[in-house]
file model_18.txt (compact mmCIF, C-alpha atoms and all ligand atoms)
# COMPACT_ATOMS: atom_id res chain seq x y z
CA GLY W 1 104.04 96.41 50.60
CA GLY W 2 104.39 95.85 54.32
CA VAL W 3 106.93 96.93 56.84
CA THR W 4 110.63 96.30 56.22
CA LEU W 5 113.15 96.26 59.09
CA GLY W 6 116.72 97.58 58.68
CA PHE W 7 119.88 96.82 60.67
CA LEU W 8 123.24 98.61 60.43
CA GLY W 9 126.32 97.41 62.34
CA LEU W 10 126.54 93.61 62.61
CA GLY W 11 129.54 93.11 64.89
CA GLN W 12 129.74 91.15 68.16
CA MET W 13 126.35 92.42 69.33
CA GLY W 14 124.50 93.38 66.14
CA SER W 15 125.03 90.06 64.32
CA ARG W 16 123.52 88.08 67.22
CA MET W 17 120.65 90.55 67.66
CA ALA W 18 119.81 90.47 63.95
CA SER W 19 119.91 86.68 64.02
CA ASN W 20 117.19 86.64 66.73
CA LEU W 21 115.21 89.19 64.74
CA LEU W 22 115.30 86.89 61.70
CA ASP W 23 114.18 83.94 63.84
CA LYS W 24 111.29 85.76 65.50
CA THR W 25 109.71 87.94 62.82
CA ASP W 26 108.32 87.22 59.36
CA LEU W 27 109.07 90.75 58.17
CA PRO W 28 111.86 91.30 55.64
CA VAL W 29 115.15 92.37 57.29
CA VAL W 30 117.65 94.37 55.22
CA ILE W 31 121.18 94.67 56.62
CA TYR W 32 124.46 96.47 55.98
CA ASP W 33 127.92 96.50 57.58
CA THR W 34 131.11 98.00 56.14
CA ASN W 35 132.74 94.62 56.87
CA PRO W 36 131.10 92.16 54.41
CA LYS W 37 132.26 89.12 56.40
CA SER W 38 129.98 90.03 59.27
CA MET W 39 126.90 89.57 57.03
CA SER W 40 127.38 86.15 55.40
CA SER W 41 125.81 83.99 58.12
CA LEU W 42 122.83 86.35 58.33
CA GLU W 43 122.35 86.23 54.55
CA ALA W 44 122.21 82.43 54.82
CA LYS W 45 119.44 82.88 57.41
CA GLY W 46 117.34 84.99 55.03
CA ALA W 47 118.49 88.58 55.57
CA ARG W 48 118.68 90.82 52.49
CA VAL W 49 122.19 92.22 52.20
CA ALA W 50 122.11 95.82 50.96
CA ALA W 51 124.86 97.32 48.82
CA SER W 52 125.16 100.34 51.11
CA GLY W 53 123.82 102.02 54.23
CA GLU W 54 121.83 104.36 51.98
CA GLU W 55 119.99 101.38 50.53
CA VAL W 56 118.93 100.27 54.01
CA ALA W 57 117.82 103.84 54.77
CA ARG W 58 115.67 104.00 51.62
CA GLN W 59 114.04 100.56 52.07
CA ALA W 60 113.38 100.20 55.80
CA HIS W 61 110.54 101.56 57.95
CA VAL W 62 112.29 100.85 61.25
CA ILE W 63 116.10 100.97 61.42
CA MET W 64 118.31 99.68 64.24
CA THR W 65 121.98 100.71 64.53
CA MET W 66 124.60 98.87 66.62
CA LEU W 67 127.84 100.75 65.92
CA PRO W 68 131.10 101.07 67.89
CA ALA W 69 131.13 104.63 69.22
CA THR W 70 129.74 108.19 69.11
CA GLN W 71 131.65 109.27 65.99
CA HIS W 72 130.40 106.26 63.97
CA VAL W 73 126.79 106.95 64.96
CA GLN W 74 127.17 110.65 64.11
CA ALA W 75 128.60 109.80 60.68
CA VAL W 76 126.04 107.10 59.85
CA PHE W 77 123.05 109.17 60.99
CA GLY W 78 124.33 112.47 59.57
CA ASP W 79 125.50 111.31 56.15
CA ILE W 80 123.51 108.15 55.47
CA ILE W 81 120.33 107.60 57.45
CA ILE W 82 118.86 111.05 58.05
CA PRO W 83 119.34 112.26 54.43
CA HIS W 84 118.00 109.05 52.82
CA ALA W 85 115.34 107.58 55.12
CA ARG W 86 111.67 107.86 54.17
CA LYS W 87 109.48 110.22 56.23
CA GLY W 88 107.98 108.57 59.31
CA THR W 89 110.79 106.05 59.72
CA LEU W 90 111.66 105.11 63.31
CA LEU W 91 115.39 105.09 64.10
CA ILE W 92 116.60 103.00 67.06
CA ASP W 93 120.23 103.45 68.09
CA GLY W 94 121.44 100.63 70.35
CA SER W 95 125.09 101.75 70.50
CA THR W 96 126.53 103.12 73.74
CA ILE W 97 127.25 106.77 72.92
CA ASP W 98 127.31 110.25 74.43
CA PRO W 99 123.78 111.23 75.56
CA THR W 100 124.17 114.79 74.22
CA ALA W 101 124.98 113.36 70.77
CA SER W 102 121.80 111.24 70.88
CA LYS W 103 119.73 114.29 71.73
CA ALA W 104 121.28 116.34 68.90
CA LEU W 105 120.75 113.57 66.35
CA ALA W 106 117.12 113.11 67.41
CA ALA W 107 116.50 116.84 66.96
CA ARG W 108 118.07 116.72 63.49
CA ALA W 109 116.05 113.61 62.57
CA LYS W 110 112.83 115.34 63.67
CA THR W 111 113.39 118.20 61.18
CA MET W 112 113.36 115.54 58.42
CA GLY W 113 110.17 113.91 59.73
CA LEU W 114 111.98 111.00 61.37
CA ASP W 115 111.54 109.65 64.90
CA MET W 116 114.47 108.48 66.99
CA VAL W 117 114.97 106.65 70.28
CA ASP W 118 118.26 105.79 71.99
CA ALA W 119 118.22 102.18 73.18
CA PRO W 120 121.57 101.03 74.60
CA VAL W 121 121.71 97.48 75.90
CA SER W 122 123.06 95.49 78.76
CA GLY W 123 123.54 91.74 78.87
CA GLY W 124 126.65 91.46 76.74
CA VAL W 125 127.37 89.05 73.91
CA GLY W 126 125.73 86.19 75.83
CA GLY W 127 122.51 88.17 76.26
CA ALA W 128 122.57 89.16 72.58
CA GLU W 129 122.96 85.52 71.58
CA ALA W 130 120.19 84.28 73.90
CA GLY W 131 117.83 87.18 73.09
CA THR W 132 117.70 88.20 76.76
CA LEU W 133 119.11 91.74 76.55
CA THR W 134 117.80 94.64 78.60
CA PHE W 135 117.14 97.78 76.55
CA MET W 136 117.29 101.20 78.28
CA VAL W 137 115.24 103.41 76.02
CA GLY W 138 114.91 107.19 75.76
CA GLY W 139 112.25 108.82 73.61
CA ASP W 140 108.55 109.70 73.25
CA VAL W 141 106.28 107.05 74.73
CA GLN W 142 104.67 106.17 71.34
CA CYS W 143 108.09 105.78 69.70
CA VAL W 144 109.35 103.60 72.55
CA LYS W 145 106.27 101.39 72.25
CA LYS W 146 106.72 101.11 68.49
CA ALA W 147 110.42 100.26 68.94
CA GLU W 148 109.54 97.57 71.46
CA VAL W 149 106.83 95.95 69.36
CA SER W 150 108.60 96.08 66.00
CA MET W 151 112.11 95.09 67.08
CA LEU W 152 113.31 95.17 70.68
CA ARG W 153 111.07 92.44 72.12
CA HIS W 154 112.50 90.01 69.55
CA MET W 155 116.04 90.64 70.83
CA GLY W 156 115.60 91.22 74.56
CA LYS W 157 113.51 90.29 77.54
CA LYS W 158 113.24 93.70 79.15
CA VAL W 159 112.54 97.19 77.76
CA VAL W 160 112.83 100.04 80.29
CA HIS W 161 111.52 103.46 79.27
CA CYS W 162 114.01 105.82 80.94
CA GLY W 163 112.56 109.21 79.87
CA PRO W 164 113.16 111.52 76.88
CA VAL W 165 115.81 110.87 74.17
CA GLY W 166 119.30 110.58 75.70
CA THR W 167 118.17 109.05 78.99
CA GLY W 168 118.86 105.51 77.74
CA ALA W 169 122.49 106.54 77.28
CA ILE W 170 122.55 108.21 80.71
CA ALA W 171 121.35 104.99 82.36
CA LYS W 172 123.88 102.94 80.42
CA ILE W 173 126.95 105.07 81.21
CA CYS W 174 126.00 105.31 84.91
CA ASN W 175 125.70 101.51 85.05
CA ASN W 176 129.04 101.01 83.30
CA LEU W 177 130.69 103.58 85.59
CA ILE W 178 129.75 101.37 88.55
CA LEU W 179 130.78 98.20 86.71
CA GLY W 180 134.14 99.59 85.55
CA ILE W 181 135.07 100.78 89.06
CA ASN W 182 133.76 97.60 90.72
CA MET W 183 135.84 95.40 88.41
CA VAL W 184 139.03 97.22 89.42
CA GLY W 185 138.07 96.89 93.10
CA VAL W 186 137.47 93.15 92.83
CA ALA W 187 140.70 92.69 90.84
CA GLU W 188 142.70 94.54 93.53
CA ALA W 189 141.16 92.51 96.35
CA MET W 190 141.64 89.16 94.58
CA ARG W 191 145.27 90.05 93.82
CA LEU W 192 145.87 90.97 97.43
CA GLY W 193 144.22 87.82 98.77
CA VAL W 194 146.18 85.56 96.42
CA ALA W 195 149.48 87.37 97.15
CA LEU W 196 148.87 86.92 100.89
CA GLY W 197 148.39 83.19 100.35
CA MET W 198 144.60 82.78 100.23
CA ASP W 199 142.79 80.30 97.96
CA PRO W 200 140.89 82.53 95.49
CA HIS W 201 137.87 80.17 95.35
CA ILE W 202 137.43 80.28 99.12
CA LEU W 203 138.01 84.04 99.15
CA ASN W 204 135.33 84.61 96.51
CA GLY W 205 132.94 82.35 98.44
CA VAL W 206 133.44 84.51 101.52
CA VAL W 207 132.91 87.73 99.53
CA ASN W 208 129.72 86.34 97.98
CA ALA W 209 128.37 85.68 101.48
CA SER W 210 129.51 89.14 102.66
CA SER W 211 129.16 92.85 101.90
CA GLY W 212 131.71 92.86 99.05
CA ARG W 213 129.35 90.79 96.87
CA SER W 214 128.46 92.14 93.41
CA TRP W 215 127.59 91.01 89.89
CA VAL W 216 131.34 90.85 89.24
CA THR W 217 132.09 88.54 92.18
CA GLU W 218 129.05 86.36 91.51
CA THR W 219 129.27 85.89 87.75
CA TYR W 220 132.38 87.57 86.35
CA ASN W 221 135.27 87.25 88.81
CA PRO W 222 138.48 88.51 87.12
CA CYS W 223 140.67 85.87 88.81
CA PRO W 224 141.02 82.83 86.46
CA THR W 225 139.13 79.59 87.33
CA VAL W 226 137.06 81.18 90.15
CA VAL W 227 134.00 81.42 87.86
CA PRO W 228 134.43 78.78 85.12
CA SER W 229 132.06 80.50 82.65
CA ALA W 230 133.67 83.96 83.03
CA PRO W 231 136.08 85.33 80.38
CA SER W 232 138.89 85.26 82.99
CA SER W 233 138.74 81.45 82.87
CA HIS W 234 139.15 81.54 79.07
CA ASP W 235 142.23 83.75 78.68
CA TYR W 236 139.96 86.83 78.84
CA GLN W 237 138.55 86.11 75.36
CA GLY W 238 135.10 87.27 74.29
CA GLY W 239 132.93 89.30 76.64
CA PHE W 240 133.25 93.10 76.77
CA ALA W 241 136.51 94.51 75.39
CA SER W 242 138.53 96.72 77.73
CA LYS W 243 138.70 99.33 74.95
CA LEU W 244 134.88 99.55 75.02
CA MET W 245 134.94 99.99 78.81
CA GLN W 246 137.56 102.70 78.37
CA LYS W 247 135.27 104.37 75.82
CA ASP W 248 132.24 104.22 78.13
CA LEU W 249 134.15 105.68 81.10
CA GLY W 250 135.35 108.43 78.74
CA ILE W 251 131.72 109.21 77.84
CA ALA W 252 130.84 109.34 81.54
CA GLY W 253 133.79 111.67 82.18
CA ASP W 254 132.84 114.01 79.35
CA ALA W 255 129.20 114.11 80.45
CA ALA W 256 130.26 114.73 84.06
CA LYS W 257 132.40 117.73 83.07
CA VAL W 258 129.40 119.41 81.44
CA VAL W 259 127.42 119.30 84.71
CA GLY W 260 130.41 119.78 87.02
CA VAL W 261 130.17 116.41 88.78
CA PRO W 262 133.50 114.99 89.99
CA LEU W 263 134.21 111.31 89.21
CA PRO W 264 137.46 110.62 91.09
CA LEU W 265 137.20 106.82 90.97
CA GLY W 266 135.75 106.80 87.46
CA ALA W 267 138.72 108.85 86.25
CA ALA W 268 141.20 106.52 87.97
CA ALA W 269 139.49 103.44 86.49
CA GLN W 270 139.49 105.03 83.04
CA GLN W 271 143.23 105.67 83.29
CA LEU W 272 143.81 102.01 84.20
CA TYR W 273 141.81 100.78 81.20
CA THR W 274 143.75 103.30 79.06
CA LEU W 275 147.08 101.88 80.26
CA MET W 276 145.83 98.42 79.27
CA GLN W 277 145.45 99.58 75.66
CA VAL W 278 149.19 100.23 75.61
CA ASN W 279 149.84 96.75 77.00
CA ASP W 280 147.90 94.76 74.38
CA LEU W 281 144.95 93.97 76.60
CA GLY W 282 142.71 96.33 74.61
CA ASN W 283 140.82 93.63 72.75
CA LYS W 284 140.57 91.31 75.74
CA ASP W 285 137.70 91.37 78.18
CA PHE W 286 137.87 94.27 80.65
CA SER W 287 138.32 91.82 83.54
CA SER W 288 141.90 91.41 82.24
CA VAL W 289 142.64 94.43 84.45
CA TYR W 290 143.50 91.59 86.87
CA ARG W 291 146.28 90.43 84.50
CA PHE W 292 147.44 94.01 84.11
CA LEU W 293 147.71 94.48 87.87
CA GLU W 294 149.65 91.21 88.15
CA GLY W 295 152.31 92.69 85.91
CA ALA W 296 152.43 95.87 87.97
CA ARG W 297 153.57 94.35 91.25
CA GLY W 298 155.30 96.75 93.62
CA SER W 299 158.02 95.79 96.06
P1 LIG I 301 131.76 95.69 67.15
O1 LIG I 301 132.94 96.56 66.88
O2 LIG I 301 131.93 94.23 67.25
O3 LIG I 301 130.62 95.97 66.04
C1 LIG I 301 130.41 97.19 65.40
C2 LIG I 301 130.12 96.93 63.92
O4 LIG I 301 129.81 98.18 63.28
C3 LIG I 301 131.29 96.30 63.16
O5 LIG I 301 130.87 95.11 62.51
C4 LIG I 301 131.66 97.39 62.14
O6 LIG I 301 132.14 96.85 60.91
C5 LIG I 301 130.34 98.09 61.95
N1 LIG I 301 130.43 99.43 61.35
C6 LIG I 301 131.32 100.42 61.64
N2 LIG I 301 131.08 101.50 60.88
C7 LIG I 301 130.01 101.19 60.09
C8 LIG I 301 129.29 101.90 59.08
N3 LIG I 301 129.63 103.12 58.72
N4 LIG I 301 128.23 101.26 58.49
C9 LIG I 301 127.89 100.01 58.83
N5 LIG I 301 128.55 99.30 59.76
C10 LIG I 301 129.60 99.88 60.39
O7 LIG I 301 131.12 96.27 68.54
P2 LIG I 301 130.05 95.55 69.50
O8 LIG I 301 130.77 94.82 70.57
O9 LIG I 301 129.02 94.86 68.67
O10 LIG I 301 129.41 96.85 70.20
C11 LIG I 301 128.53 97.73 69.51
C12 LIG I 301 128.01 98.75 70.52
O11 LIG I 301 127.31 98.09 71.58
C13 LIG I 301 129.10 99.59 71.18
O12 LIG I 301 128.68 100.92 71.33
C14 LIG I 301 129.29 98.92 72.53
O13 LIG I 301 129.77 99.81 73.54
C15 LIG I 301 127.89 98.45 72.83
N6 LIG I 301 127.80 97.30 73.75
C16 LIG I 301 128.63 96.22 73.59
C17 LIG I 301 128.53 95.15 74.47
C18 LIG I 301 129.47 93.95 74.37
O14 LIG I 301 129.48 93.13 75.30
N7 LIG I 301 130.23 93.77 73.28
C19 LIG I 301 127.58 95.17 75.49
C20 LIG I 301 126.72 96.26 75.60
C21 LIG I 301 126.84 97.32 74.72
call {"tool": "encode", "arguments": {"input": "model_18.txt", "output": "structure tokens"}}
result
Amino acid sequence: GGVTLGFLGLGQMGSRMASNLLDKTDLPVVIYDTNPKSMSSLEAKGARVAASGEEVARQAHVIMTMLPATQHVQAVFGDIIIPHARKGTLLIDGSTIDPTASKALAARAKTMGLDMVDAPVSGGVGGAEAGTLTFMVGGDVQCVKKAEVSMLRHMGKKVVHCGPVGTGAIAKICNNLILGINMVGVAEAMRLGVALGMDPHILNGVVNASSGRSWVTETYNPCPTVVPSAPSSHDYQGGFASKLMQKDLGIAGDAAKVVGVPLPLGAAAQQLYTLMQVNDLGNKDFSSVYRFLEGARGS
């Protein structure tokens, strides 16, 4: 028969990505998630639900993974995909994980005759839904091309080849390091402005016409009602969970240690997102650092 596509990990991101894949390709798509609930709407759309990850590994010729964190990817690749996939299969990991782990898994896959690229994404849940994600891809040029043609172009609008395996993850954690720090900076400034008696809408308008402007101030301001479409205006629901931001800053910190690069602001931001896990903001969008700072008012 022809080519079969596989997808493992159908959470916030993966379910929406797989839905676009089903809409835009005629190839069979076989899926598996340890949480059966996450697969029912995709089954109704025509996906084949496998009984296990091993079944996906045995049936698919190209396999995408969208799993929570490094340890999940290591377990799924090590125990399920690499031992059971057919020779020549292309593995595409879209999760945000440690770049050294991606490199090690790709080397292990190679010994079994499997190709791997790391392809973390930006664009969030909205981009996954709309099929407008950006993929930052590390791997051999032929593998990156094959990943783009077989899967990624159906789920995103931009595929950037970053270099060898692991460089997709490097690009992703550097971007999220900037984003995580910037969010704290905007939250501090908005808190200060409001506490001093300024209208937050006017303040944000000034910032957006000045040198403090960023993606956060333009589209994702953490102060409620300033940007109506932002999670902050919807009780910080949806979006990018603060526990995922904490994870990504942790990856950046670990990677930085290996090469001896200091991340003073990254470390401080990571500690703030860690404190939020204790205060029940872990599953809320990371812009809820604004809420957290509200509760931590000094005298
Ligand atoms: P999620 O927790 O919603 O989804 C992960 C899914 O993996 C869950 O459905 C879970 O059941 C499944 N899973 C766990 N172990 C499994 C296993 N052994 N086999 C099969 N399925 C398994 O997370 P998410 O928000 O979709 O994020 C996934 C990845 O994408 C993360 O690395 C995250 O950092 C990254 N990311 C997320 C966003 C975002 O806005 N949510 C944006 C960019 C990147």
call {"tool": "closest_atom_pairs", "arguments": {"input": "model_18.txt", "of": "range 4-25 of chain W", "to": "range 38-50 of chain W", "cutoff": "8 Å", "atoms": "only C-alpha atoms", "output": "CSV"}}
result
residue,atom,partner,partner_atom,distance
W:Leu10,CA,W:Ser38,CA,6.0
W:Gly11,CA,W:Ser38,CA,6.4
W:Ser15,CA,W:Ser38,CA,7.1
W:Ala18,CA,W:Leu42,CA,7.6
W:Ser19,CA,W:Leu42,CA,6.4
W:Leu22,CA,W:Ala47,CA,7.1
call {"tool": "residues_around", "arguments": {"input": "model_18.txt", "residues": "Ala51 in chain W", "least_positions_apart": "3", "cutoff": "10 Å", "atoms": "all atoms listed in the file", "output": "list in words"}}
result
Ile31, Tyr32, Asp33, Thr34, Pro36, Arg48, Glu54, Glu55 and Val56 of chain W
call {"tool": "axis_aligned_box", "arguments": {"input": "model_18.txt", "around": "ligand LIG 301 (chain I)", "padding_each_side": "4 Å", "output": "AutoDock Vina command-line options"}}
result
--center_x 129.8 --center_y 98.1 --center_z 67.0 --size_x 14.2 --size_y 18.0 --size_z 25.1
call {"tool": "residues_near_ligand", "arguments": {"input": "model_18.txt", "ligand": "ligand LIG 301 (chain I)", "cutoff": "9 Å", "atoms": "all atoms listed in the file", "output": "PyMOL selection string"}}
result
chain W and resi 7-16+31-39+52-53+65-70+72-73+75-76+80+94-97+120-128+133+172+238-241+244-245+247-248+285
call {"tool": "write_last_selection", "arguments": {"input": "model_18.txt", "atoms": "C-alpha atoms", "output": "compact mmCIF listing (two decimals), in the frame of the given file"}}
result
# COMPACT_ATOMS: atom_id res chain seq x y z
CA PHE W 7 119.88 96.82 60.67
CA LEU W 8 123.24 98.61 60.43
CA GLY W 9 126.32 97.41 62.34
CA LEU W 10 126.54 93.61 62.61
CA GLY W 11 129.54 93.11 64.89
CA GLN W 12 129.74 91.15 68.16
CA MET W 13 126.35 92.42 69.33
CA GLY W 14 124.50 93.38 66.14
CA SER W 15 125.03 90.06 64.32
CA ARG W 16 123.52 88.08 67.22
CA ILE W 31 121.18 94.67 56.62
CA TYR W 32 124.46 96.47 55.98
CA ASP W 33 127.92 96.50 57.58
CA THR W 34 131.11 98.00 56.14
CA ASN W 35 132.74 94.62 56.87
CA PRO W 36 131.10 92.16 54.41
CA LYS W 37 132.26 89.12 56.40
CA SER W 38 129.98 90.03 59.27
CA MET W 39 126.90 89.57 57.03
CA SER W 52 125.16 100.34 51.11
CA GLY W 53 123.82 102.02 54.23
CA THR W 65 121.98 100.71 64.53
CA MET W 66 124.60 98.87 66.62
CA LEU W 67 127.84 100.75 65.92
CA PRO W 68 131.10 101.07 67.89
CA ALA W 69 131.13 104.63 69.22
CA THR W 70 129.74 108.19 69.11
CA HIS W 72 130.40 106.26 63.97
CA VAL W 73 126.79 106.95 64.96
CA ALA W 75 128.60 109.80 60.68
CA VAL W 76 126.04 107.10 59.85
CA ILE W 80 123.51 108.15 55.47
CA GLY W 94 121.44 100.63 70.35
CA SER W 95 125.09 101.75 70.50
CA THR W 96 126.53 103.12 73.74
CA ILE W 97 127.25 106.77 72.92
CA PRO W 120 121.57 101.03 74.60
CA VAL W 121 121.71 97.48 75.90
CA SER W 122 123.06 95.49 78.76
CA GLY W 123 123.54 91.74 78.87
CA GLY W 124 126.65 91.46 76.74
CA VAL W 125 127.37 89.05 73.91
CA GLY W 126 125.73 86.19 75.83
CA GLY W 127 122.51 88.17 76.26
CA ALA W 128 122.57 89.16 72.58
CA LEU W 133 119.11 91.74 76.55
CA LYS W 172 123.88 102.94 80.42
CA GLY W 238 135.10 87.27 74.29
CA GLY W 239 132.93 89.30 76.64
CA PHE W 240 133.25 93.10 76.77
CA ALA W 241 136.51 94.51 75.39
CA LEU W 244 134.88 99.55 75.02
CA MET W 245 134.94 99.99 78.81
CA LYS W 247 135.27 104.37 75.82
CA ASP W 248 132.24 104.22 78.13
CA ASP W 285 137.70 91.37 78.18
call {"tool": "atom_distance", "arguments": {"input": "model_18.txt", "atom1": "CA of Ala252 in chain W", "atom2": "CA of Ile181 in chain W"}}
result
12.2 Å
call {"tool": "closest_residue", "arguments": {"input": "model_18.txt", "among": "W:Val144, W:Met190, W:Met155, W:Val259", "to": "Val206 in chain W", "atoms": "only C-alpha atoms"}}
result
W:Met190
call {"tool": "residues_around", "arguments": {"input": "model_18.txt", "residues": "Met136 in chain W", "least_positions_apart": "6", "cutoff": "12 Å", "atoms": "all atoms listed in the file", "output": "PyMOL selection string"}}
result
chain W and resi 92-96+117-123+144+147-148+152+156-175
call {"tool": "closest_residue", "arguments": {"input": "model_18.txt", "among": "W:Arg58, W:Arg153, W:Pro228, W:Lys87", "to": "Met17 in chain W", "atoms": "all atoms listed in the file"}}
result
W:Arg153
call {"tool": "atom_distance", "arguments": {"input": "model_18.txt", "atom1": "CA of Leu91 in chain W", "atom2": "CA of Ala256 in chain W"}}
result
26.7 Å
call {"tool": "closest_residue", "arguments": {"input": "model_18.txt", "among": "W:Met151, W:Ile202, W:Met64, W:Ala109", "to": "Asp26 in chain W", "atoms": "all atoms listed in the file"}}
result
W:Met151
call {"tool": "atom_distance", "arguments": {"input": "model_18.txt", "atom1": "CA of Phe135 in chain W", "atom2": "CA of Lys243 in chain W"}}
result
21.7 Å
call {"tool": "residues_around", "arguments": {"input": "model_18.txt", "residues": "Met276 in chain W", "least_positions_apart": "5", "cutoff": "9 Å", "atoms": "only C-alpha atoms", "output": "ChimeraX atom specification"}}
result
/W:242-243,271,281-282,288-289,292
